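A short write-up of the structure that comes next.
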Amino acid sequence: MTQIQPDTPGIAGGQALSQAQTQFFIPATASLHERRPRTLKHGDSFAVFDHSGDAISGPGSPEGLYHRDTRHLSHLYFTVNDMRPILLSSALRDDNAMLTCDLANPDFFGDDGRVAVEHDLIHLRRTRFLWKDALYERITLRNFDTETRQISVDLSFAADFADLFEIRGMTRLRRGAMREAQVGAADVLLGYLGRDDQERQTHLHFDPMPTELTDSHARFDVTVPPGARCALFTRISCSKIDVRDGLPKQFLKSLREAMQALRSARKRGATLHSSNDLFNEVARRSVADISMLSTDTEFGTYPYAGIPWFSTVFGRDAIITALETLWMDPAISRGVLGYLAAHQATGFDPAADAEPGKILHEVRHGEMAELGEVPFRHYYGSIDSTPLFVMLAGAYLERTGDMAFLKTILPHIEAALAWIDLHGDRDGDGFVEYGRLTDQGLQNQGWKDSHDSIFHADGSIARGPIALAEVQAYVYGAWRTAAALFRAVGDDVRAADYRDRAGQLRDRFDAAFFDAALGTYVLALDGDKRPCRVRSSNAGHVLYTGLAREERAEAVVRTLMAPASFSGWGVRTIASTEKRYNPMSYHNGSIWPHDNALIASGFSRYGYQREAAQIFEGLFAAATYVDMMRLPELFCGFPRRRSQGPTFYPVACSPQAWSAAAPLALIQSSLGLRFDVSAKQISFHKPTLPHFLQSLTISSLGIDAAKVDIAFDRMGDQVVVKPMPHDSGAQIVTIA
């Protein structure tokens, strides 16, 4: 993620932050967990509201409606008779299609100061959804009083057209110009001309016509008889649109389309049902969040990274999300591969950290990116996206057998492999290192990209170019993939070359990175080839791709599952014994669900199913304490305590794609699920189920054109695999 999050001042090893270090910092002035915001997303738009459905403007507030990295609505405040309603409940549908806020009137006082209308007599329901860059809302008022009531409803609004990076904490010396608002009988058009010469607009339309409408509020004076109800409709779009249908009809039509689109996305892949109702909720939320975060592109579906800070294309995040969900829904992987291939770097651009063959890190569309005030318009400062891209291509082919598609992106795979050789290995030592090309680029370019996340045992910051342990593992995976791909297209010479190179890398890596005294692999090698002797979660990724020698696996697993690393909720990013350990930091002691999902997959690869199940149990237990059963981007690394939930990280994104996908990836790891498309075979290698799952059913699991249903029952330490009757020709195999 493009987030530079410093450790708290005073923590061991803490240093004052330079301007370069703080340039993309997200200030923790307000806790997102404390707000527990309600989020909606569709396409390139997303919205963040409080539990009442309002967006309250103010310093540090992330609330509002956003489109392509610009906030098109910064304030929305709902009152009845000039008072804020009482919140009854606030909930997203299970499929994330719609937000419903139930409210009631407070006590209304007369001119004499006495209560004229008691509270809880007028019910107000706000029903809201996003569809095609427009936010739709229906406010329904129902009178449960015995008398007719006159009610004044007011919606105040504003649009600051702030760039997302301004909201994240950056100060701009110059901004564009606000346009004069255009106010009609039932419409308001707010506008802003950016310094990039782009016009950005917010169009508000109301039905029925407001009693009073200005450039900052709409007032409706309504009369509601006893037992009766009335409805007010609002559409807030990120441009001026003309629709022939009346707003009530358009509201219903658009809602049906939004719900149908989400249903279609969910039906595309396999589904899960278990004996544990809480896990069923976690799984449903995971699938729903991935569906919501995914955006349709010309290349297929693409999962945006997370809300609110990362609702855009990220290379690394999307690839890992695709790998986590590949067994369930291969269409995500195809969409990610197609998009990233089309946007692969073809030339040198130091400002964007671009080199030929390199795969995207991040895309931004806001004014600051367009002007170059931040380097992320099309930014390539990720050391791992390129080998991960090759790995995903191979995994997709293995899962689907879709050679026709792979041939269309084969030139891009070859370009990515060439980048590893020509530019990835910066000093010719056989390892891939990173180092930014300008001082505006990201300082650290692995997934742990905080300014202080790569350090030595004494806490001193490592100087580059830096070779990360997990990046070498991804390169190994990419070369193994290349060997399989070239063998599949009949190029046995190149296949043998990449197979040999992968073997040589395994030997080189073991000699340079394994530290017997630590009992694991070092975090990285610095620019002087000095090892960063730090126990970190990165070592689990070495198991994930199979780079680790068999004889090293036990030590690595033991180290990662020791109390210093395994908190009970999951594996910490670094062990509590390390100099820079801070459980409240972004990368130096926190727990990331996606990180743990990859570690568990690595454990499973080497036969450590019991330890993989421990990680699964920890993350599932954490999810049960989280609002909406939704695993956030990360949480703090404090030890697990009986009858208490995890400690939350204040500005973690939620939902976050690779976190949402973590429970789904953990299912695959537990079951040892693999595919052989040529044999039309689905196999389960030493399948296990964590103790909270007595039984599990996977429905519509696809292989080739076939779909099968499979049930799993835990009998003590054994899992019985029971294929449902089918005539698809698919073989279901269990390997003990």
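We label chains A, B, ... in the order they appear in the structure tokens, count residues from 1 in each chain, and number ligands from 1 in the order shown.
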* **All helix (DSSP H, G or I) positions in segment 452-605 of chain A, as an NGL selection string** => :A and (469-488 or 492-513 or 538-545 or 550-560 or 593-605)
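For the choices A:Val677, A:Leu543, A:Ala562, A:Ala288, the atom-to-atom distance to Pro639 of chain A is smallest for A:Ala562 when using only C-alpha atoms.
Straight-line separation from atom CA of Arg219 of chain A to atom CA of Arg138 of chain A: 14.8 Å.
By only C-alpha atoms, and with residues fewer than 5 positions from Ala351 of chain A along its chain excluded, the set lying at most 12 Å from it is A:Ala369, A:Gly372, A:Glu373, A:Val374, A:Pro375, A:Phe376, A:Arg377, A:His378, A:Tyr379, A:Tyr380, A:Gly381, A:Arg436, A:Leu437, A:Thr438, A:Asp439, A:Gln440, A:Gly441, A:Leu442.
Distances to Ser216 of chain A were evaluated for A:Ser74, A:Gly176, A:Gly347, A:Ser90 using only C-alpha atoms, and the minimum falls at A:Ser74.
Distance check against Trp131 of chain A using only C-alpha atoms: of A:Leu518, A:Leu634, A:Ala706, A:Leu255, the minimum falls on A:Leu255.
Excluding Gly58 of chain A and any residue on its chain fewer than 5 positions from it, the residues at most 12 Å away by only C-alpha atoms are Thr29, Ala30, Glu63, Gly64, Ser74, His75, Leu76, Ala158, Asp160 and Ile167 of chain A.
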Output file for the selection above: N, CA and C atoms, as a short mmCIF file (atom, residue, chain, number, x, y, z; two decimals), in the first residue's frame:
```cif
data_model
loop_
_atom_site.label_atom_id
_atom_site.label_comp_id
_atom_site.auth_asym_id
_atom_site.auth_seq_id
_atom_site.Cartn_x
_atom_site.Cartn_y
_atom_site.Cartn_z
N THR A 29 -5.54 10.90 13.14
CA THR A 29 -6.20 11.88 13.99
C THR A 29 -7.56 11.39 14.45
N ALA A 30 -8.15 10.45 13.71
CA ALA A 30 -9.44 9.89 14.10
C ALA A 30 -9.44 8.42 13.74
N GLU A 63 -15.32 10.96 5.59
CA GLU A 63 -16.67 10.68 5.12
C GLU A 63 -17.00 11.48 3.86
N GLY A 64 -17.89 10.91 3.06
CA GLY A 64 -18.33 11.58 1.86
C GLY A 64 -18.48 10.63 0.69
N SER A 74 -18.76 16.24 0.46
CA SER A 74 -17.99 16.25 1.70
C SER A 74 -18.87 16.41 2.93
N HIS A 75 -20.13 16.75 2.72
CA HIS A 75 -21.02 16.96 3.87
C HIS A 75 -22.44 16.60 3.46
N LEU A 76 -23.09 15.83 4.33
CA LEU A 76 -24.50 15.49 4.16
C LEU A 76 -25.07 15.29 5.55
N ALA A 158 -22.61 19.72 1.01
CA ALA A 158 -21.49 20.51 0.50
C ALA A 158 -20.56 19.57 -0.25
N ASP A 160 -16.45 19.62 -1.32
CA ASP A 160 -15.18 20.35 -1.28
C ASP A 160 -14.25 19.98 -2.44
N ILE A 167 -7.10 14.62 1.77
CA ILE A 167 -7.85 14.06 2.89
C ILE A 167 -6.95 13.15 3.71
#
```
* **Ile466 of chain A environment, 8 Å, only C-alpha atoms, sequence neighbours closer than 4 positions dropped, as a list in words** => Glu433, Tyr434, Gly435, Ala462, Ala524, Leu525, Asp526 and Gly527 of chain A
Filtering to N, CA and C atoms, could you give me those residues as a compact mmCIF listing (two decimals), in the first residue's frame?
```txt
# COMPACT_ATOMS: atom_id res chain seq x y z
N GLU A 433 16.59 -6.73 -6.16
CA GLU A 433 16.60 -5.65 -5.17
C GLU A 433 15.75 -4.48 -5.65
N TYR A 434 15.39 -3.61 -4.71
CA TYR A 434 14.69 -2.39 -5.09
C TYR A 434 15.47 -1.17 -4.61
N GLY A 435 15.23 -0.08 -5.30
CA GLY A 435 15.75 1.23 -4.94
C GLY A 435 15.02 2.23 -5.80
N ALA A 462 17.79 -0.17 7.24
CA ALA A 462 18.61 -0.75 6.17
C ALA A 462 18.70 0.21 4.99
N ALA A 524 15.98 -9.46 5.07
CA ALA A 524 16.48 -8.90 3.81
C ALA A 524 17.99 -8.83 3.84
N LEU A 525 18.57 -8.53 2.67
CA LEU A 525 19.97 -8.13 2.57
C LEU A 525 20.00 -6.66 2.20
N ASP A 526 20.83 -5.88 2.87
CA ASP A 526 20.90 -4.46 2.54
C ASP A 526 21.83 -4.23 1.35
N GLY A 527 22.11 -2.96 1.05
CA GLY A 527 22.92 -2.64 -0.11
C GLY A 527 24.35 -3.11 -0.01
```
* Asked: Could you name the residues that touch Arg266 of chain A at 10 Å or less, counting only C-alpha atoms, but leaving out those on the same chain fewer than 2 positions away, as a ChimeraX atom specification?
  -> /A:95,260-264,268-271,284,287-288,290-291,329
I need the residues from that last selection saved to file as a PDB file, in the first residue's frame (with N, CA and C atoms), if you can.
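Generated output (result_26.pdb):
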```pdb
ATOM      1  N   ASP A  95     -25.162  -8.621   1.034  1.00  0.00           N
ATOM      2  CA  ASP A  95     -24.450  -8.546  -0.243  1.00  0.00           C
ATOM      3  C   ASP A  95     -23.850  -7.170  -0.505  1.00  0.00           C
ATOM      4  N   GLN A 260     -28.890  -7.225  -8.951  1.00  0.00           N
ATOM      5  CA  GLN A 260     -28.693  -8.292  -9.928  1.00  0.00           C
ATOM      6  C   GLN A 260     -27.213  -8.433 -10.292  1.00  0.00           C
ATOM      7  N   ALA A 261     -26.503  -7.315 -10.403  1.00  0.00           N
ATOM      8  CA  ALA A 261     -25.075  -7.370 -10.735  1.00  0.00           C
ATOM      9  C   ALA A 261     -24.293  -8.092  -9.638  1.00  0.00           C
ATOM     10  N   LEU A 262     -24.626  -7.818  -8.381  1.00  0.00           N
ATOM     11  CA  LEU A 262     -23.938  -8.492  -7.285  1.00  0.00           C
ATOM     12  C   LEU A 262     -24.300  -9.970  -7.226  1.00  0.00           C
ATOM     13  N   ARG A 263     -25.561 -10.301  -7.527  1.00  0.00           N
ATOM     14  CA  ARG A 263     -25.954 -11.711  -7.558  1.00  0.00           C
ATOM     15  C   ARG A 263     -25.185 -12.460  -8.637  1.00  0.00           C
ATOM     16  N   SER A 264     -25.047 -11.833  -9.786  1.00  0.00           N
ATOM     17  CA  SER A 264     -24.330 -12.477 -10.891  1.00  0.00           C
ATOM     18  C   SER A 264     -22.871 -12.716 -10.529  1.00  0.00           C
ATOM     19  N   ARG A 268     -20.870 -16.589  -9.968  1.00  0.00           N
ATOM     20  CA  ARG A 268     -19.797 -16.939 -10.889  1.00  0.00           C
ATOM     21  C   ARG A 268     -18.868 -18.003 -10.303  1.00  0.00           C
ATOM     22  N   GLY A 269     -18.684 -18.000  -8.998  1.00  0.00           N
ATOM     23  CA  GLY A 269     -17.734 -18.910  -8.376  1.00  0.00           C
ATOM     24  C   GLY A 269     -18.406 -19.917  -7.467  1.00  0.00           C
ATOM     25  N   ALA A 270     -17.581 -20.714  -6.807  1.00  0.00           N
ATOM     26  CA  ALA A 270     -18.082 -21.715  -5.868  1.00  0.00           C
ATOM     27  C   ALA A 270     -18.643 -21.030  -4.622  1.00  0.00           C
ATOM     28  N   THR A 271     -19.466 -21.760  -3.867  1.00  0.00           N
ATOM     29  CA  THR A 271     -20.031 -21.245  -2.631  1.00  0.00           C
ATOM     30  C   THR A 271     -19.714 -22.187  -1.485  1.00  0.00           C
ATOM     31  N   ARG A 284     -19.709 -15.343   3.865  1.00  0.00           N
ATOM     32  CA  ARG A 284     -20.614 -14.534   3.034  1.00  0.00           C
ATOM     33  C   ARG A 284     -20.111 -13.100   2.914  1.00  0.00           C
ATOM     34  N   VAL A 287     -17.098 -12.921   0.480  1.00  0.00           N
ATOM     35  CA  VAL A 287     -17.493 -12.961  -0.929  1.00  0.00           C
ATOM     36  C   VAL A 287     -18.178 -11.659  -1.324  1.00  0.00           C
ATOM     37  N   ALA A 288     -19.045 -11.149  -0.439  1.00  0.00           N
ATOM     38  CA  ALA A 288     -19.749  -9.902  -0.747  1.00  0.00           C
ATOM     39  C   ALA A 288     -18.785  -8.734  -0.867  1.00  0.00           C
ATOM     40  N   ILE A 290     -15.552  -8.812  -1.685  1.00  0.00           N
ATOM     41  CA  ILE A 290     -14.768  -8.936  -2.916  1.00  0.00           C
ATOM     42  C   ILE A 290     -15.616  -8.521  -4.115  1.00  0.00           C
ATOM     43  N   SER A 291     -16.888  -8.914  -4.123  1.00  0.00           N
ATOM     44  CA  SER A 291     -17.782  -8.520  -5.217  1.00  0.00           C
ATOM     45  C   SER A 291     -17.949  -7.008  -5.257  1.00  0.00           C
ATOM     46  N   ASP A 329     -13.012 -18.635  -7.909  1.00  0.00           N
ATOM     47  CA  ASP A 329     -13.494 -17.791  -8.998  1.00  0.00           C
ATOM     48  C   ASP A 329     -12.330 -17.362  -9.892  1.00  0.00           C
TER      49      ASP A 329
END
```
* Separation of atom CA of Arg610 of chain A and atom CA of Arg552 of chain A, in Å? -> 17.6 Å
Within 12 Å of Phe648 of chain A, counting only C-alpha atoms, which residues show up once you throw out same-chain ones fewer than 5 positions away? Write them as a tab-separated table (two decimals) with all heavy atoms, in the first residue's frame, please.
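Dumped to selection.tsv:
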```tsv
chain	number	residue	atom	x	y	z
A	31	SER	N	-9.96	7.60	14.63
A	31	SER	CA	-9.95	6.16	14.42
A	31	SER	C	-11.10	5.73	13.52
A	31	SER	O	-12.27	6.00	13.83
A	31	SER	CB	-10.06	5.44	15.77
A	31	SER	OG	-10.32	4.07	15.59
A	32	LEU	N	-10.77	5.08	12.41
A	32	LEU	CA	-11.82	4.53	11.56
A	32	LEU	C	-12.60	3.45	12.30
A	32	LEU	O	-13.81	3.30	12.11
A	32	LEU	CB	-11.21	3.95	10.28
A	32	LEU	CG	-10.69	4.95	9.26
A	32	LEU	CD1	-10.04	4.22	8.10
A	32	LEU	CD2	-11.79	5.86	8.75
A	33	HIS	N	-11.89	2.70	13.16
A	33	HIS	CA	-12.62	1.68	13.91
A	33	HIS	C	-13.61	2.31	14.88
A	33	HIS	O	-14.71	1.80	15.08
A	33	HIS	CB	-11.65	0.79	14.68
A	33	HIS	CG	-12.35	-0.19	15.58
A	33	HIS	ND1	-13.08	-1.25	15.08
A	33	HIS	CD2	-12.48	-0.24	16.94
A	33	HIS	CE1	-13.61	-1.92	16.09
A	33	HIS	NE2	-13.27	-1.33	17.21
A	34	GLU	N	-13.22	3.43	15.49
A	34	GLU	CA	-14.14	4.11	16.40
A	34	GLU	C	-15.38	4.59	15.64
A	34	GLU	O	-16.51	4.47	16.12
A	34	GLU	CB	-13.43	5.29	17.07
A	34	GLU	CG	-14.30	6.06	18.04
A	34	GLU	CD	-13.58	7.26	18.63
A	34	GLU	OE1	-12.38	7.44	18.32
A	34	GLU	OE2	-14.20	8.00	19.39
A	36	ARG	N	-16.39	3.24	12.82
A	36	ARG	CA	-17.01	2.06	12.20
A	36	ARG	C	-17.92	2.51	11.04
A	36	ARG	O	-19.13	2.29	11.05
A	36	ARG	CB	-17.80	1.25	13.22
A	36	ARG	CG	-16.93	0.52	14.21
A	36	ARG	CD	-17.73	-0.33	15.16
A	36	ARG	NE	-18.62	0.48	15.98
A	36	ARG	CZ	-19.86	0.11	16.31
A	36	ARG	NH1	-20.34	-1.04	15.90
A	36	ARG	NH2	-20.61	0.89	17.05
A	569	TRP	N	-3.94	-14.53	17.59
A	569	TRP	CA	-4.82	-14.08	16.51
A	569	TRP	C	-4.19	-14.37	15.15
A	569	TRP	O	-4.90	-14.55	14.17
A	569	TRP	CB	-5.09	-12.58	16.62
A	569	TRP	CG	-5.70	-12.13	17.90
A	569	TRP	CD1	-5.13	-11.33	18.85
A	569	TRP	CD2	-7.00	-12.46	18.40
A	569	TRP	NE1	-5.98	-11.14	19.90
A	569	TRP	CE2	-7.15	-11.82	19.65
A	569	TRP	CE3	-8.06	-13.23	17.92
A	569	TRP	CZ2	-8.31	-11.92	20.41
A	569	TRP	CZ3	-9.22	-13.34	18.68
A	569	TRP	CH2	-9.34	-12.69	19.91
A	583	PRO	N	3.39	-3.24	18.58
A	583	PRO	CA	2.15	-3.89	18.13
A	583	PRO	C	1.14	-2.93	17.53
A	583	PRO	O	0.20	-3.36	16.85
A	583	PRO	CB	1.61	-4.54	19.41
A	583	PRO	CG	2.21	-3.75	20.52
A	583	PRO	CD	3.58	-3.34	20.03
A	584	MET	N	1.32	-1.61	17.74
A	584	MET	CA	0.40	-0.62	17.19
A	584	MET	C	0.91	-0.01	15.90
A	584	MET	O	0.29	0.92	15.37
A	584	MET	CB	0.17	0.49	18.22
A	584	MET	CG	-0.45	0.01	19.52
A	584	MET	SD	-0.63	1.34	20.73
A	584	MET	CE	1.11	1.67	21.11
A	585	SER	N	2.04	-0.50	15.39
A	585	SER	CA	2.59	0.06	14.16
A	585	SER	C	1.92	-0.55	12.94
A	585	SER	O	1.21	-1.55	13.03
A	585	SER	CB	4.10	-0.19	14.11
A	585	SER	OG	4.35	-1.58	13.94
A	586	TYR	N	2.19	0.04	11.79
A	586	TYR	CA	1.59	-0.44	10.54
A	586	TYR	C	2.22	-1.76	10.11
A	586	TYR	O	1.53	-2.69	9.71
A	586	TYR	CB	1.77	0.63	9.46
A	586	TYR	CG	0.90	0.49	8.24
A	586	TYR	CD1	-0.48	0.33	8.33
A	586	TYR	CD2	1.46	0.54	6.96
A	586	TYR	CE1	-1.28	0.23	7.20
A	586	TYR	CE2	0.67	0.44	5.83
A	586	TYR	CZ	-0.70	0.29	5.95
A	586	TYR	OH	-1.48	0.18	4.82
A	590	SER	N	2.29	-5.66	13.80
A	590	SER	CA	0.86	-5.81	13.58
A	590	SER	C	0.57	-7.17	12.95
A	590	SER	O	1.47	-7.94	12.63
A	590	SER	CB	0.37	-4.68	12.68
A	590	SER	OG	1.15	-4.63	11.49
A	591	ILE	N	-0.72	-7.44	12.75
A	591	ILE	CA	-1.16	-8.71	12.16
A	591	ILE	C	-2.01	-8.39	10.94
A	591	ILE	O	-2.99	-7.65	11.03
A	591	ILE	CB	-1.97	-9.53	13.18
A	591	ILE	CG1	-1.08	-9.93	14.35
A	591	ILE	CG2	-2.57	-10.77	12.52
A	591	ILE	CD1	-1.84	-10.39	15.56
A	592	TRP	N	-1.62	-8.94	9.80
A	592	TRP	CA	-2.31	-8.73	8.54
A	592	TRP	C	-2.96	-10.05	8.09
A	592	TRP	O	-2.26	-11.06	7.93
A	592	TRP	CB	-1.32	-8.26	7.47
A	592	TRP	CG	-0.81	-6.86	7.67
A	592	TRP	CD1	-0.06	-6.41	8.71
A	592	TRP	CD2	-1.02	-5.74	6.81
A	592	TRP	NE1	0.22	-5.07	8.55
A	592	TRP	CE2	-0.36	-4.63	7.38
A	592	TRP	CE3	-1.69	-5.56	5.60
A	592	TRP	CZ2	-0.36	-3.37	6.79
A	592	TRP	CZ3	-1.69	-4.30	5.00
A	592	TRP	CH2	-1.04	-3.23	5.60
A	622	ALA	N	-10.81	-13.73	15.50
A	622	ALA	CA	-10.72	-12.26	15.41
A	622	ALA	C	-11.92	-11.70	14.65
A	622	ALA	O	-12.50	-10.68	15.05
A	622	ALA	CB	-9.42	-11.87	14.72
A	623	ALA	N	-12.31	-12.35	13.55
A	623	ALA	CA	-13.42	-11.85	12.74
A	623	ALA	C	-14.72	-11.81	13.52
A	623	ALA	O	-15.57	-10.93	13.29
A	623	ALA	CB	-13.58	-12.73	11.49
A	625	TYR	N	-15.20	-10.83	16.40
A	625	TYR	CA	-15.25	-9.64	17.24
A	625	TYR	C	-15.37	-8.35	16.42
A	625	TYR	O	-15.47	-7.27	16.99
A	625	TYR	CB	-13.99	-9.55	18.10
A	625	TYR	CG	-13.94	-10.52	19.26
A	625	TYR	CD1	-13.30	-11.74	19.15
A	625	TYR	CD2	-14.53	-10.20	20.49
A	625	TYR	CE1	-13.24	-12.63	20.22
A	625	TYR	CE2	-14.48	-11.08	21.56
A	625	TYR	CZ	-13.83	-12.29	21.42
A	625	TYR	OH	-13.78	-13.17	22.47
A	626	VAL	N	-15.32	-8.47	15.11
A	626	VAL	CA	-15.27	-7.29	14.25
A	626	VAL	C	-16.67	-6.96	13.74
A	626	VAL	O	-17.48	-7.85	13.46
A	626	VAL	CB	-14.31	-7.53	13.06
A	626	VAL	CG1	-14.21	-6.28	12.19
A	626	VAL	CG2	-12.93	-7.94	13.55
A	627	ASP	N	-16.95	-5.67	13.62
A	627	ASP	CA	-18.22	-5.21	13.07
A	627	ASP	C	-18.46	-5.86	11.71
A	627	ASP	O	-17.60	-5.84	10.83
A	627	ASP	CB	-18.17	-3.68	12.93
A	627	ASP	CG	-19.50	-3.08	12.55
A	627	ASP	OD1	-20.54	-3.62	12.97
A	627	ASP	OD2	-19.49	-2.06	11.83
A	631	LEU	N	-12.98	-8.91	8.28
A	631	LEU	CA	-11.58	-8.76	8.65
A	631	LEU	C	-11.03	-7.47	8.05
A	631	LEU	O	-11.11	-7.25	6.84
A	631	LEU	CB	-10.76	-9.95	8.16
A	631	LEU	CG	-10.87	-11.23	8.98
A	631	LEU	CD1	-10.15	-12.37	8.26
A	631	LEU	CD2	-10.29	-11.04	10.37
A	632	PRO	N	-10.43	-6.61	8.87
A	632	PRO	CA	-9.88	-5.35	8.34
A	632	PRO	C	-8.52	-5.56	7.69
A	632	PRO	O	-7.97	-6.68	7.69
A	632	PRO	CB	-9.77	-4.49	9.60
A	632	PRO	CG	-9.48	-5.49	10.68
A	632	PRO	CD	-10.26	-6.73	10.31
A	633	GLU	N	-7.99	-4.51	7.17
A	633	GLU	CA	-6.66	-4.53	6.55
A	633	GLU	C	-5.62	-5.12	7.49
A	633	GLU	O	-4.79	-5.93	7.09
A	633	GLU	CB	-6.29	-3.10	6.17
A	633	GLU	CG	-4.93	-2.90	5.55
A	633	GLU	CD	-4.61	-1.43	5.34
A	633	GLU	OE1	-5.34	-0.55	5.87
A	633	GLU	OE2	-3.63	-1.14	4.63
A	634	LEU	N	-5.65	-4.71	8.74
A	634	LEU	CA	-4.73	-5.21	9.76
A	634	LEU	C	-5.32	-4.92	11.12
A	634	LEU	O	-6.27	-4.13	11.25
A	634	LEU	CB	-3.35	-4.55	9.64
A	634	LEU	CG	-3.24	-3.08	10.07
A	634	LEU	CD1	-1.79	-2.77	10.50
A	634	LEU	CD2	-3.66	-2.10	8.98
A	635	PHE	N	-4.78	-5.55	12.16
A	635	PHE	CA	-5.08	-5.16	13.53
A	635	PHE	C	-3.80	-5.25	14.35
A	635	PHE	O	-2.76	-5.75	13.87
A	635	PHE	CB	-6.23	-5.96	14.14
A	635	PHE	CG	-6.21	-7.43	13.89
A	635	PHE	CD1	-5.60	-8.29	14.78
A	635	PHE	CD2	-6.82	-7.97	12.77
A	635	PHE	CE1	-5.59	-9.65	14.56
A	635	PHE	CE2	-6.82	-9.33	12.54
A	635	PHE	CZ	-6.19	-10.18	13.44
A	636	CYS	N	-3.85	-4.75	15.57
A	636	CYS	CA	-2.65	-4.64	16.39
A	636	CYS	C	-2.18	-6.02	16.85
A	636	CYS	O	-2.98	-6.95	16.97
A	636	CYS	CB	-2.90	-3.74	17.59
A	636	CYS	SG	-3.19	-2.01	17.16
A	637	GLY	N	-0.89	-6.10	17.15
A	637	GLY	CA	-0.27	-7.38	17.44
A	637	GLY	C	-0.19	-7.74	18.92
A	637	GLY	O	0.64	-8.56	19.31
A	638	PHE	N	-1.07	-7.18	19.75
A	638	PHE	CA	-1.06	-7.54	21.16
A	638	PHE	C	-1.47	-9.00	21.34
A	638	PHE	O	-2.24	-9.55	20.55
A	638	PHE	CB	-2.02	-6.64	21.94
A	638	PHE	CG	-1.59	-5.22	22.04
A	638	PHE	CD1	-2.22	-4.23	21.29
A	638	PHE	CD2	-0.54	-4.85	22.87
A	638	PHE	CE1	-1.83	-2.91	21.38
A	638	PHE	CE2	-0.13	-3.52	22.96
A	638	PHE	CZ	-0.77	-2.55	22.21
A	653	CYS	N	-8.02	0.09	6.58
A	653	CYS	CA	-9.11	0.04	5.61
A	653	CYS	C	-10.01	-1.15	5.91
A	653	CYS	O	-9.56	-2.22	6.30
A	653	CYS	CB	-8.56	-0.10	4.19
A	653	CYS	SG	-7.85	1.40	3.52
A	654	SER	N	-11.29	-0.94	5.71
A	654	SER	CA	-12.26	-2.01	5.87
A	654	SER	C	-13.51	-1.62	5.07
A	654	SER	O	-14.12	-0.59	5.37
A	654	SER	CB	-12.62	-2.20	7.34
A	654	SER	OG	-13.47	-3.30	7.53
```
* Asked: Tell me, which residues of segment 35-180 of chain A carry DSSP strand (DSSP E), written as a PyMOL selection string?
  -> chain A and resi 38-42+45-49+64-67+70-73+75-80+86-92+99-104+108-109+115-117+122-131+134-143+149-158+177-178
* Work out how far apart atom CA of Gln344 of chain A and atom CA of Ile359 of chain A are and give it in Å to one decimal. => 5.0 Å
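Nearest residue to Asp196 of chain A among A:Phe455, A:His685, A:Arg175, A:Gly672 is A:Arg175, counting only C-alpha atoms.
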